[in-house]
$ cat structure_6.cif   # mmCIF, C-alpha atoms
data_data
#
loop_
_atom_site.label_atom_id
_atom_site.label_comp_id
_atom_site.auth_asym_id
_atom_site.auth_seq_id
_atom_site.Cartn_x
_atom_site.Cartn_y
_atom_site.Cartn_z
CA ASP N 1 55.06 27.98 -157.97
CA ALA N 2 58.56 29.43 -158.16
CA GLY N 3 57.63 32.76 -156.61
CA VAL N 4 59.05 36.09 -157.70
CA ILE N 5 62.57 35.66 -159.04
CA GLN N 6 65.19 38.39 -158.85
CA SER N 7 68.71 38.51 -160.16
CA PRO N 8 71.39 39.05 -159.22
CA ARG N 9 71.04 38.45 -155.48
CA HIS N 10 74.09 40.55 -154.78
CA GLU N 11 75.73 43.25 -156.87
CA VAL N 12 78.85 45.21 -156.08
CA THR N 13 79.85 47.93 -158.49
CA GLU N 14 81.88 51.08 -158.68
CA MET N 15 80.43 54.55 -158.72
CA GLY N 16 79.55 55.64 -162.22
CA GLN N 17 78.85 52.18 -163.55
CA GLU N 18 75.53 51.06 -164.96
CA VAL N 19 73.56 48.57 -162.88
CA THR N 20 70.64 46.46 -164.12
CA LEU N 21 68.40 44.55 -161.75
CA ARG N 22 66.05 41.91 -163.10
CA CYS N 23 62.73 40.51 -162.00
CA LYS N 24 60.45 37.72 -163.11
CA PRO N 25 57.00 38.00 -161.52
CA ILE N 26 54.76 35.10 -160.58
CA SER N 27 53.00 33.76 -163.65
CA GLY N 28 49.49 35.18 -163.98
CA HIS N 29 50.16 38.23 -161.83
CA ASN N 30 49.28 41.43 -163.66
CA SER N 31 50.95 44.03 -161.46
CA LEU N 32 54.62 44.45 -160.68
CA PHE N 33 56.26 46.72 -158.10
CA TRP N 34 59.83 47.83 -157.45
CA TYR N 35 60.76 48.81 -153.87
CA ARG N 36 63.96 50.02 -152.26
CA GLN N 37 64.85 49.29 -148.63
CA THR N 38 67.42 51.28 -146.65
CA MET N 39 68.04 51.72 -142.97
CA MET N 40 67.37 55.43 -143.18
CA ARG N 41 64.21 55.45 -145.29
CA GLY N 42 62.75 51.99 -144.79
CA LEU N 43 60.74 50.46 -147.64
CA GLU N 44 59.92 52.84 -150.47
CA LEU N 45 57.90 52.17 -153.60
CA LEU N 46 59.85 53.25 -156.66
CA ILE N 47 57.51 52.36 -159.51
CA TYR N 48 54.73 49.97 -160.38
CA PHE N 49 53.28 48.49 -163.55
CA ASN N 50 49.80 47.21 -164.38
CA ASN N 51 49.61 44.91 -167.39
CA ASN N 52 53.16 45.93 -168.35
CA VAL N 53 52.32 49.65 -168.37
CA PRO N 54 54.04 51.99 -165.89
CA ILE N 55 51.33 53.55 -163.73
CA ASP N 56 53.15 55.53 -161.06
CA ASP N 57 56.86 56.31 -161.08
CA SER N 58 56.71 59.17 -158.60
CA GLY N 59 58.93 57.23 -156.24
CA MET N 60 61.81 57.00 -158.66
CA PRO N 61 64.55 59.10 -157.07
CA GLU N 62 65.88 60.82 -160.15
CA ASP N 63 66.55 60.46 -163.83
CA ARG N 64 69.40 58.07 -163.19
CA PHE N 65 66.75 55.45 -162.43
CA SER N 66 64.65 53.83 -165.12
CA ALA N 67 62.40 50.76 -165.24
CA LYS N 68 60.93 48.75 -168.05
CA MET N 69 58.53 45.86 -168.40
CA PRO N 70 58.71 44.61 -171.99
CA ASN N 71 56.40 41.68 -171.32
CA ALA N 72 54.34 40.08 -168.57
CA SER N 73 57.18 37.90 -167.36
CA PHE N 74 60.12 40.28 -167.12
CA SER N 75 61.06 43.68 -165.73
CA THR N 76 64.30 45.58 -165.25
CA LEU N 77 65.37 48.42 -163.01
CA LYS N 78 68.39 50.29 -164.29
CA ILE N 79 70.61 52.80 -162.54
CA GLN N 80 72.95 54.80 -164.74
CA PRO N 81 75.27 56.15 -163.47
CA SER N 82 75.24 54.54 -160.05
CA GLU N 83 76.24 56.42 -156.90
CA PRO N 84 77.16 55.21 -153.40
CA ARG N 85 73.85 56.51 -152.01
CA ASP N 86 72.05 54.01 -154.25
CA SER N 87 73.34 51.20 -152.03
CA ALA N 88 70.27 49.39 -150.74
CA VAL N 89 68.22 46.23 -151.08
CA TYR N 90 65.91 46.40 -154.09
CA PHE N 91 62.78 44.28 -154.02
CA CYS N 92 60.45 43.31 -156.80
CA ALA N 93 56.90 42.24 -155.95
CA SER N 94 53.98 41.02 -158.01
CA ARG N 95 50.25 40.94 -157.43
CA ARG N 96 47.18 39.27 -158.89
CA THR N 97 44.43 40.05 -156.39
CA ASN N 98 44.97 42.09 -153.24
CA GLU N 99 48.20 40.56 -151.98
CA GLN N 100 51.72 41.40 -153.03
CA TYR N 101 54.37 38.71 -153.06
CA PHE N 102 57.98 39.75 -152.83
CA GLY N 103 61.11 38.39 -154.41
CA PRO N 104 64.23 37.71 -152.36
CA GLY N 105 65.72 41.12 -153.18
CA THR N 106 68.96 42.30 -154.70
CA ARG N 107 71.53 43.76 -152.34
CA LEU N 108 73.31 46.52 -154.24
CA THR N 109 76.56 48.00 -153.01
CA VAL N 110 78.06 50.95 -154.89
CA THR N 111 81.62 51.78 -153.88
CA ALA Y 112 48.46 60.58 -147.98
CA GLN Y 113 48.48 57.53 -145.80
CA THR Y 114 50.93 57.01 -142.96
CA VAL Y 115 51.67 53.88 -141.00
CA THR Y 116 53.32 54.03 -137.58
CA GLN Y 117 54.93 51.23 -135.63
CA SER Y 118 55.85 52.65 -132.26
CA GLN Y 119 57.93 49.71 -131.03
CA PRO Y 120 61.34 49.61 -132.74
CA GLU Y 121 62.34 46.45 -130.87
CA MET Y 122 60.63 43.80 -128.79
CA SER Y 123 61.58 40.50 -127.24
CA VAL Y 124 59.59 37.53 -126.02
CA GLN Y 125 60.35 34.20 -124.46
CA GLU Y 126 59.79 31.12 -126.54
CA ALA Y 127 56.23 29.78 -126.17
CA GLU Y 128 54.96 33.11 -124.83
CA THR Y 129 52.60 35.54 -126.54
CA VAL Y 130 53.61 38.92 -127.93
CA THR Y 131 51.66 41.77 -129.49
CA LEU Y 132 53.10 44.20 -132.03
CA SER Y 133 51.41 47.58 -132.44
CA CYS Y 134 50.51 49.45 -135.61
CA THR Y 135 48.48 52.59 -136.18
CA TYR Y 136 47.66 54.25 -139.46
CA ASP Y 137 46.14 57.43 -140.73
CA THR Y 138 43.79 57.59 -143.69
CA SER Y 139 40.61 59.25 -144.86
CA GLU Y 140 39.68 56.20 -146.91
CA ASN Y 141 36.89 53.85 -145.89
CA ASN Y 142 37.86 50.86 -148.01
CA TYR Y 143 41.36 49.52 -147.65
CA TYR Y 144 43.48 46.53 -146.68
CA LEU Y 145 46.01 46.05 -143.93
CA PHE Y 146 48.87 43.57 -143.89
CA TRP Y 147 51.62 42.27 -141.70
CA TYR Y 148 54.83 41.17 -143.40
CA LYS Y 149 57.68 39.28 -141.78
CA GLN Y 150 61.30 39.82 -142.82
CA PRO Y 151 63.69 37.26 -141.29
CA PRO Y 152 67.47 37.62 -141.53
CA SER Y 153 67.30 36.09 -144.99
CA ARG Y 154 65.61 39.44 -145.89
CA GLN Y 155 62.77 37.71 -147.74
CA MET Y 156 59.50 39.62 -147.25
CA ILE Y 157 56.83 37.11 -146.24
CA LEU Y 158 53.14 37.92 -146.07
CA VAL Y 159 51.86 36.87 -142.65
CA ILE Y 160 48.26 38.02 -142.52
CA ARG Y 161 45.75 40.26 -144.27
CA GLN Y 162 42.70 42.20 -143.06
CA GLU Y 163 40.00 43.82 -145.16
CA ALA Y 164 38.68 47.02 -143.61
CA TYR Y 165 35.07 46.14 -144.39
CA LYS Y 166 35.29 42.96 -142.33
CA GLN Y 167 34.61 43.26 -138.63
CA GLN Y 168 35.98 39.83 -137.84
CA ASN Y 169 39.67 39.81 -137.01
CA ALA Y 170 41.85 37.76 -139.32
CA THR Y 171 43.63 34.67 -138.00
CA GLU Y 172 46.36 32.52 -139.52
CA ASN Y 173 47.43 29.69 -137.22
CA ARG Y 174 49.44 31.30 -134.40
CA PHE Y 175 49.05 34.79 -135.86
CA SER Y 176 46.00 36.95 -135.27
CA VAL Y 177 45.18 40.62 -135.49
CA ASN Y 178 43.18 43.07 -133.43
CA PHE Y 179 41.67 45.45 -135.94
CA GLN Y 180 40.08 48.55 -134.47
CA LYS Y 181 38.84 50.60 -137.42
CA ALA Y 182 37.62 53.61 -135.46
CA ALA Y 183 40.90 53.85 -133.61
CA LYS Y 184 42.86 53.10 -136.81
CA SER Y 185 44.78 50.42 -135.00
CA PHE Y 186 45.98 47.08 -136.35
CA SER Y 187 48.02 45.03 -133.90
CA LEU Y 188 49.53 41.59 -134.52
CA LYS Y 189 49.44 38.89 -131.85
CA ILE Y 190 51.83 35.98 -132.08
CA SER Y 191 50.90 33.09 -129.82
CA ASP Y 192 53.24 30.31 -128.72
CA SER Y 193 56.24 32.21 -130.06
CA GLN Y 194 58.88 30.14 -131.80
CA LEU Y 195 62.54 30.85 -132.45
CA GLY Y 196 61.75 31.05 -136.15
CA ASP Y 197 59.50 34.02 -135.48
CA THR Y 198 62.60 36.15 -134.89
CA ALA Y 199 62.42 38.79 -137.61
CA MET Y 200 61.49 42.33 -138.56
CA TYR Y 201 57.74 42.78 -138.80
CA PHE Y 202 56.24 45.42 -141.05
CA CYS Y 203 52.69 46.70 -140.96
CA ALA Y 204 51.40 47.88 -144.34
CA PHE Y 205 48.37 49.76 -145.67
CA MET Y 206 46.83 49.56 -149.11
CA ARG Y 207 43.98 51.58 -150.54
CA SER Y 208 41.47 49.43 -152.36
CA ASN Y 209 41.24 51.54 -155.48
CA ALA Y 210 44.64 53.11 -156.03
CA GLY Y 211 46.73 50.58 -157.84
CA ASN Y 212 47.31 48.49 -154.77
CA MET Y 213 50.38 50.38 -153.65
CA LEU Y 214 51.60 49.46 -150.19
CA THR Y 215 52.60 52.01 -147.56
CA PHE Y 216 54.84 50.45 -144.92
CA GLY Y 217 55.51 51.27 -141.31
CA GLY Y 218 59.05 51.53 -140.02
CA GLY Y 219 59.09 47.98 -138.69
CA THR Y 220 59.46 46.25 -135.33
CA ARG Y 221 62.40 43.98 -134.67
CA LEU Y 222 61.21 40.94 -132.72
CA MET Y 223 63.62 38.66 -130.91
CA VAL Y 224 62.33 35.33 -129.59
CA LYS Y 225 64.53 34.10 -126.77
CA PRO Y 226 64.97 30.43 -125.88
#
$ encode --input "structure_6.cif" --output "structure tokens"
Amino acid sequence: DAGVIQSPRHEVTEMGQEVTLRCKPISGHNSLFWYRQTMMRGLELLIYFNNNVPIDDSGMPEDRFSAKMPNASFSTLKIQPSEPRDSAVYFCASRRTNEQYFGPGTRLTVT
Amino acid sequence: AQTVTQSQPEMSVQEAETVTLSCTYDTSENNYYLFWYKQPPSRQMILVIRQEAYKQQNATENRFSVNFQKAAKSFSLKISDSQLGDTAMYFCAFMRSNAGNMLTFGGGTRLMVKP
């Protein structure tokens, strides 16, 4: 079992650029979650999908953020345009029963 | 809305000793799950232990055990025989059983195990 896979592990970009974070959930898991972790706000749920359908995106900060899950094995989180306050660690997690398993995270730095 | 509170921002323990991390939560739900996650310096979030609210028996996973007090809405984590590899941030998390399985996290406790 490869676990949840995220790429890239680190991303440094300039303000105004588009950023795309990628996630491959554990095979057989039917729910996928995107979280953001910052020192100030801790761990926040941004959006989650059940069976590839977005269920709750109330945590998405603003319209600059968008997420897609075109199939059961892939999801993206896009920020366009990026801003310095978007700097954080972004985690993807997947679930089959009642336990969520997290990927290693993507550390995003926007300068 | 659910809230999860971890009142100890930092703790330390000597290697081989026992330490208890506190967590309280607030909910009007009767059916839910509680979790402890460990986040070492590698930043990987690792599930340590899970407790179902309908179970009276406290969960145990090797050196990790919980003290679940449903009436008091308390869910503490006990680490026995602490090891250097236990040094990490520990997050308590709450999940309603019928709301999409979204996790609500506490603010975390930074645990340092000293040799």
$ residues_near_point --input "structure_6.cif" --point "(63.9, 39.6, -131.9)" --cutoff "7 Å" --atoms "only C-alpha atoms" --output "list in words"
Met122, Ser123, Thr198, Ala199, Arg221, Leu222, Met223 and Val224 of chain Y
$ write_last_selection --input "structure_6.cif" --atoms "C-alpha atoms" --output "CSV table (one decimal), keeping the file's coordinate frame"
chain,number,residue,atom,x,y,z
Y,122,MET,CA,60.6,43.8,-128.8
Y,123,SER,CA,61.6,40.5,-127.2
Y,198,THR,CA,62.6,36.2,-134.9
Y,199,ALA,CA,62.4,38.8,-137.6
Y,221,ARG,CA,62.4,44.0,-134.7
Y,222,LEU,CA,61.2,40.9,-132.7
Y,223,MET,CA,63.6,38.7,-130.9
Y,224,VAL,CA,62.3,35.3,-129.6
$ residues_around --input "structure_6.cif" --residues "Ser153 of chain Y" --least-positions-apart "5" --cutoff "12 Å" --atoms "only C-alpha atoms" --output "ChimeraX atom specification"
/N:9,89,103-107 /Y:196,198-200
$ atom_distance --input "structure_6.cif" --atom1 "atom CA of Asp63 of chain N" --atom2 "atom CA of Leu43 of chain N"
19.9 Å
$ closest_residue --input "structure_6.cif" --among "N:Gln37, N:Ser31, N:Thr76, N:Ser58" --to "Gln100 of chain N" --atoms "all atoms listed in the file"
N:Ser31
$ interface_residues --input "structure_6.cif" --of "chain Y" --to "chain N" --cutoff "9 Å" --atoms "all atoms listed in the file" --output "CSV table (one decimal) with C-alpha atoms, in the coordinates of the input"
chain,number,residue,atom,x,y,z
Y,144,TYR,CA,43.5,46.5,-146.7
Y,146,PHE,CA,48.9,43.6,-143.9
Y,153,SER,CA,67.3,36.1,-145.0
Y,154,ARG,CA,65.6,39.4,-145.9
Y,155,GLN,CA,62.8,37.7,-147.7
Y,156,MET,CA,59.5,39.6,-147.2
Y,157,ILE,CA,56.8,37.1,-146.2
Y,158,LEU,CA,53.1,37.9,-146.1
Y,161,ARG,CA,45.8,40.3,-144.3
Y,206,MET,CA,46.8,49.6,-149.1
Y,208,SER,CA,41.5,49.4,-152.4
Y,211,GLY,CA,46.7,50.6,-157.8
Y,212,ASN,CA,47.3,48.5,-154.8
Y,213,MET,CA,50.4,50.4,-153.6
Y,214,LEU,CA,51.6,49.5,-150.2
Y,215,THR,CA,52.6,52.0,-147.6
Y,216,PHE,CA,54.8,50.4,-144.9
Y,217,GLY,CA,55.5,51.3,-141.3
Y,218,GLY,CA,59.0,51.5,-140.0
Y,219,GLY,CA,59.1,48.0,-138.7
$ atom_distance --input "structure_6.cif" --atom1 "atom CA of Gln6 of chain N" --atom2 "atom CA of Tyr90 of chain N"
9.3 Å
$ residues_around --input "structure_6.cif" --residues "Asn169 of chain Y" --least-positions-apart "4" --cutoff "12 Å" --atoms "all atoms listed in the file" --output "compact mmCIF listing (two decimals) with C-alpha atoms, in the coordinates of the input"
# COMPACT_ATOMS: atom_id res chain seq x y z
CA LEU Y 145 46.01 46.05 -143.93
CA ILE Y 160 48.26 38.02 -142.52
CA ARG Y 161 45.75 40.26 -144.27
CA GLN Y 162 42.70 42.20 -143.06
CA GLU Y 163 40.00 43.82 -145.16
CA ALA Y 164 38.68 47.02 -143.61
CA TYR Y 165 35.07 46.14 -144.39
CA PHE Y 175 49.05 34.79 -135.86
CA SER Y 176 46.00 36.95 -135.27
CA VAL Y 177 45.18 40.62 -135.49
CA ASN Y 178 43.18 43.07 -133.43
CA PHE Y 179 41.67 45.45 -135.94
CA GLN Y 180 40.08 48.55 -134.47
CA LYS Y 181 38.84 50.60 -137.42
CA SER Y 185 44.78 50.42 -135.00
CA PHE Y 186 45.98 47.08 -136.35
CA SER Y 187 48.02 45.03 -133.90
CA LEU Y 188 49.53 41.59 -134.52
CA LYS Y 189 49.44 38.89 -131.85
$ residues_around --input "structure_6.cif" --residues "segment 70-75 of chain N" --least-positions-apart "3" --cutoff "6 Å" --atoms "only C-alpha atoms" --output "list in words"
Arg22, Cys23, Lys24, Pro25 and Asn52 of chain N
$ atom_distance --input "structure_6.cif" --atom1 "atom CA of Met69 of chain N" --atom2 "atom CA of Thr109 of chain N"
23.8 Å
$ resolve_selection --input "structure_6.cif" --expression "the PyMOL selection byres ((chain N and resi 81) around 9)" --output "MDAnalysis selection string"
chainID N and resid 15:19 64:65 79:80 82:83
$ closest_residue --input "structure_6.cif" --among "Y:Glu172, Y:Glu128, Y:Asp137, Y:Asp197" --to "Val159 of chain Y" --atoms "all atoms listed in the file"
Y:Glu172
$ residues_around --input "structure_6.cif" --residues "Gln194 of chain Y" --least-positions-apart "6" --cutoff "9 Å" --atoms "only C-alpha atoms" --output "PyMOL selection string"
chain Y and resi 125-128+224-226
$ write_last_selection --input "structure_6.cif" --atoms "C-alpha atoms" --output "PDB file, keeping the file's coordinate frame"
ATOM      1  CA  GLN Y 125      60.350  34.200-124.460  1.00  0.00           C
ATOM      2  CA  GLU Y 126      59.790  31.120-126.540  1.00  0.00           C
ATOM      3  CA  ALA Y 127      56.230  29.780-126.170  1.00  0.00           C
ATOM      4  CA  GLU Y 128      54.960  33.110-124.830  1.00  0.00           C
ATOM      5  CA  VAL Y 224      62.330  35.330-129.590  1.00  0.00           C
ATOM      6  CA  LYS Y 225      64.530  34.100-126.770  1.00  0.00           C
ATOM      7  CA  PRO Y 226      64.970  30.430-125.880  1.00  0.00           C
TER       8      PRO Y 226
END
$ decode --input "structure_6.cif" --residues "segment 131-223 of chain Y" --atoms "C-alpha atoms" --output "mmCIF file, in the first residue's frame"
data_model
loop_
_atom_site.group_PDB
_atom_site.id
_atom_site.type_symbol
_atom_site.label_atom_id
_atom_site.label_comp_id
_atom_site.auth_asym_id
_atom_site.auth_seq_id
_atom_site.Cartn_x
_atom_site.Cartn_y
_atom_site.Cartn_z
ATOM 1 C CA THR Y 131 -0.666 12.201 29.383
ATOM 2 C CA LEU Y 132 -1.908 14.718 26.828
ATOM 3 C CA SER Y 133 -5.268 16.388 27.434
ATOM 4 C CA CYS Y 134 -8.118 17.012 25.025
ATOM 5 C CA THR Y 135 -11.640 18.274 25.569
ATOM 6 C CA TYR Y 136 -14.350 18.771 23.007
ATOM 7 C CA ASP Y 137 -17.764 20.285 22.737
ATOM 8 C CA THR Y 138 -20.607 18.708 20.806
ATOM 9 C CA SER Y 139 -24.314 18.045 21.009
ATOM 10 C CA GLU Y 140 -23.929 14.822 19.047
ATOM 11 C CA ASN Y 141 -24.253 11.414 20.657
ATOM 12 C CA ASN Y 142 -22.529 9.354 17.986
ATOM 13 C CA TYR Y 143 -19.047 10.367 16.954
ATOM 14 C CA TYR Y 144 -15.407 9.329 16.766
ATOM 15 C CA LEU Y 145 -12.323 10.729 18.399
ATOM 16 C CA PHE Y 146 -8.760 10.418 17.156
ATOM 17 C CA TRP Y 147 -5.223 11.228 18.090
ATOM 18 C CA TYR Y 148 -2.811 12.047 15.272
ATOM 19 C CA LYS Y 149 0.946 12.389 15.570
ATOM 20 C CA GLN Y 150 2.914 14.831 13.425
ATOM 21 C CA PRO Y 151 6.698 14.347 13.720
ATOM 22 C CA PRO Y 152 9.180 16.828 12.247
ATOM 23 C CA SER Y 153 8.747 15.121 8.893
ATOM 24 C CA ARG Y 154 5.240 16.717 9.042
ATOM 25 C CA GLN Y 155 3.523 13.456 8.080
ATOM 26 C CA MET Y 156 0.180 13.125 9.892
ATOM 27 C CA ILE Y 157 0.038 9.657 11.435
ATOM 28 C CA LEU Y 158 -3.082 8.151 12.966
ATOM 29 C CA VAL Y 159 -2.216 6.939 16.462
ATOM 30 C CA ILE Y 160 -5.487 5.767 17.956
ATOM 31 C CA ARG Y 161 -9.244 5.899 17.462
ATOM 32 C CA GLN Y 162 -12.199 5.791 19.875
ATOM 33 C CA GLU Y 163 -15.850 5.275 19.036
ATOM 34 C CA ALA Y 164 -18.150 7.237 21.328
ATOM 35 C CA TYR Y 165 -20.559 4.325 21.729
ATOM 36 C CA LYS Y 166 -17.823 2.131 23.188
ATOM 37 C CA GLN Y 167 -17.214 2.384 26.904
ATOM 38 C CA GLN Y 168 -13.926 0.519 26.742
ATOM 39 C CA ASN Y 169 -10.920 2.763 26.254
ATOM 40 C CA ALA Y 170 -8.922 2.144 23.095
ATOM 41 C CA THR Y 171 -5.354 0.853 23.343
ATOM 42 C CA GLU Y 172 -2.625 0.564 20.728
ATOM 43 C CA ASN Y 173 0.608 -0.818 22.153
ATOM 44 C CA ARG Y 174 2.124 1.962 24.284
ATOM 45 C CA PHE Y 175 -0.708 4.369 23.490
ATOM 46 C CA SER Y 176 -4.000 4.375 25.347
ATOM 47 C CA VAL Y 177 -6.830 6.814 25.875
ATOM 48 C CA ASN Y 178 -9.005 7.835 28.785
ATOM 49 C CA PHE Y 179 -12.380 8.583 27.249
ATOM 50 C CA GLN Y 180 -14.843 10.299 29.551
ATOM 51 C CA LYS Y 181 -17.974 10.888 27.481
ATOM 52 C CA ALA Y 182 -19.952 12.794 30.092
ATOM 53 C CA ALA Y 183 -17.046 15.120 30.719
ATOM 54 C CA LYS Y 184 -16.273 15.316 26.977
ATOM 55 C CA SER Y 185 -12.680 14.497 27.675
ATOM 56 C CA PHE Y 186 -10.313 12.368 25.598
ATOM 57 C CA SER Y 187 -6.769 12.189 26.923
ATOM 58 C CA LEU Y 188 -3.861 10.254 25.412
ATOM 59 C CA LYS Y 189 -1.429 8.333 27.591
ATOM 60 C CA ILE Y 190 1.952 7.372 26.200
ATOM 61 C CA SER Y 191 3.739 4.758 28.272
ATOM 62 C CA ASP Y 192 7.462 4.019 28.149
ATOM 63 C CA SER Y 193 8.084 7.165 26.107
ATOM 64 C CA GLN Y 194 10.628 6.853 23.331
ATOM 65 C CA LEU Y 195 12.678 9.507 21.559
ATOM 66 C CA GLY Y 196 10.695 8.797 18.408
ATOM 67 C CA ASP Y 197 7.537 9.930 20.167
ATOM 68 C CA THR Y 198 8.770 13.525 19.919
ATOM 69 C CA ALA Y 199 6.151 15.233 17.763
ATOM 70 C CA MET Y 200 3.072 17.421 17.638
ATOM 71 C CA TYR Y 201 -0.022 15.553 18.758
ATOM 72 C CA PHE Y 202 -3.450 16.549 17.499
ATOM 73 C CA CYS Y 203 -6.771 15.502 18.951
ATOM 74 C CA ALA Y 204 -9.578 15.318 16.393
ATOM 75 C CA PHE Y 205 -13.358 14.899 16.424
ATOM 76 C CA MET Y 206 -15.571 13.456 13.722
ATOM 77 C CA ARG Y 207 -19.338 13.239 13.616
ATOM 78 C CA SER Y 208 -20.549 9.848 12.520
ATOM 79 C CA ASN Y 209 -23.034 11.057 9.950
ATOM 80 C CA ALA Y 210 -21.651 14.255 8.471
ATOM 81 C CA GLY Y 211 -19.270 13.252 5.751
ATOM 82 C CA ASN Y 212 -16.555 12.252 8.163
ATOM 83 C CA MET Y 213 -15.018 15.699 8.385
ATOM 84 C CA LEU Y 214 -12.381 16.054 11.069
ATOM 85 C CA THR Y 215 -12.233 18.973 13.492
ATOM 86 C CA PHE Y 216 -8.754 19.329 14.992
ATOM 87 C CA GLY Y 217 -7.493 20.776 18.225
ATOM 88 C CA GLY Y 218 -4.606 23.204 18.242
ATOM 89 C CA GLY Y 219 -2.035 20.537 19.037
ATOM 90 C CA THR Y 220 0.412 19.730 21.824
ATOM 91 C CA ARG Y 221 4.122 19.708 21.149
ATOM 92 C CA LEU Y 222 5.711 16.788 23.004
ATOM 93 C CA MET Y 223 9.434 16.572 23.583
#
